[in-house]
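Heads up: the structure comes next, in structure tokens.
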Amino acid sequence: MNKIPFFTEKLLDWYQPDERPLPWKAIKNPYFIWLSEIILQQTRVQQGLPYYIKFVEQFPTITDLAGASQDEVFKLWEGLGYYSRARNLHAAAQMVRDDYAGVFPSTYPEIRALKGVGEYTAAAIASFAYDLPYAVVDGNVYRVLSRFFGIDTPIDTTAGKKEFRLRADELLDRNNPAVYNQAIMDFGATHCTPKAPKCETCLHQKQCVAFRENRVMNLPVKSKKIKKRSRYFYYLVLNKGTKIYLNKRSEKDIWADLYDFLLIELEQQVEGLFLMDALQKTSHWKTWFGKQKIVIDSISGIYKQTLSHQNINAIFIEIQLDASFFVENKDLIVIERKKIKNFAFPKIITNYLEAKKA
DNA sequence: AAGTCGGGGAC
DNA sequence: GTCCCAGACTT
């Protein structure tokens, strides 16, 4: 029996498993645990919970998920963001089906090798599903450890990641990795929070370096500051009778594998009388429409969406095409408008579609 | 090592 | 407005 560090002893003493009941706790099904961990990457429990419930209901086993179409998986993921998670989720399910006969792998290296599973997620699955001694290091853990030990090494550097990983491994209760990992994340999520941490009632107050030195609000440290660029999207919503044209987005940009409309992007915001003139001058317009005359049905106001690295500004231009009209673009698909609910769109598109309906 | 990938909630 | 959330991947 290893000696348990003081920090760990106090943490386990604090932890009350039933205080924050969640459907992926107190289960050992590795598929459900994996699913919950992917959904919760960079996502608050509150936001991810309804998605977890939907996935479990629609795909009771990982083989069910593997057998779904990509459009089905994306539709269920719609609105949650970071859509590469959905693509990797689907691919990993097929890996488990094809390489492991549908049985979720049970060793850390095998779990870590699944698409979309990094160090954190592999440790979480290994400990929660299989009681293997791997310490999780997520945003909660960075915050708790940086404060308790007064570590100001930036967490978004190679040195910082290594330092916190070593520290986390020392603190892990190797006899009870699942409970320890749950406890430290719950503590960070409910007690040692980013803003307004509950230091006054904290059991660690006397030993917490950050509290003693009045540095709680300065930890953890991040070195990088993100820069945002603004983009200006002009969506041509093509309608022909009861049909509508959709575009499936390619891999290189935001919203890969989601659907949107025919898009012209300009370097700046253009409004009012200048808009159609600016659009018709673009090479895109000339390629798609040639010299055919386009009749504009309506032009929306500016829809805005903030992404982690971009500010998106979008204007939607409704166009009714004549039956004889031809659009030179092989990537477009034409569907019945009433089937639009089967396709997954970025939030800014669903916002527009909702507003149009009303 | 730096950049990129969403969306929402708390302040 | 800013920060950051049960991070991972690409270049």
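Chain labels follow the order of the structure tokens: the first chain is A, the next B, and so on; residue numbering restarts at 1 in every chain, and ligands are counted from 1 in their shown order.
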
- For chain C, report every residue with an atom at most 6 Å from chain A (counting only C-alpha atoms (C1' of nucleotides)), formatted as a VMD selection string. chain C and resid 5 to 7

Exercise for review: Enumerate as a ChimeraX atom specification all residues of segment 86-268 of chain A assigned to strand (DSSP E or B) by DSSP on the backbone, naming them with the chain letters and numbers the document uses.
Suggested key: /A:229-240,243-248,259-260,262-266

Wanna dump the chain B-chain A contacts at 7 Å for me, each residue with its shortest atom pair and the distance in Å to one decimal, counting only C-alpha atoms (C1' of nucleotides), ordered by chain and number, as CSV?
residue,atom,partner,partner_atom,distance
B:DC5,C1',A:Tyr82,CA,5.6
B:DG6,C1',A:Gly81,CA,3.7
B:DG7,C1',A:Gly81,CA,5.7
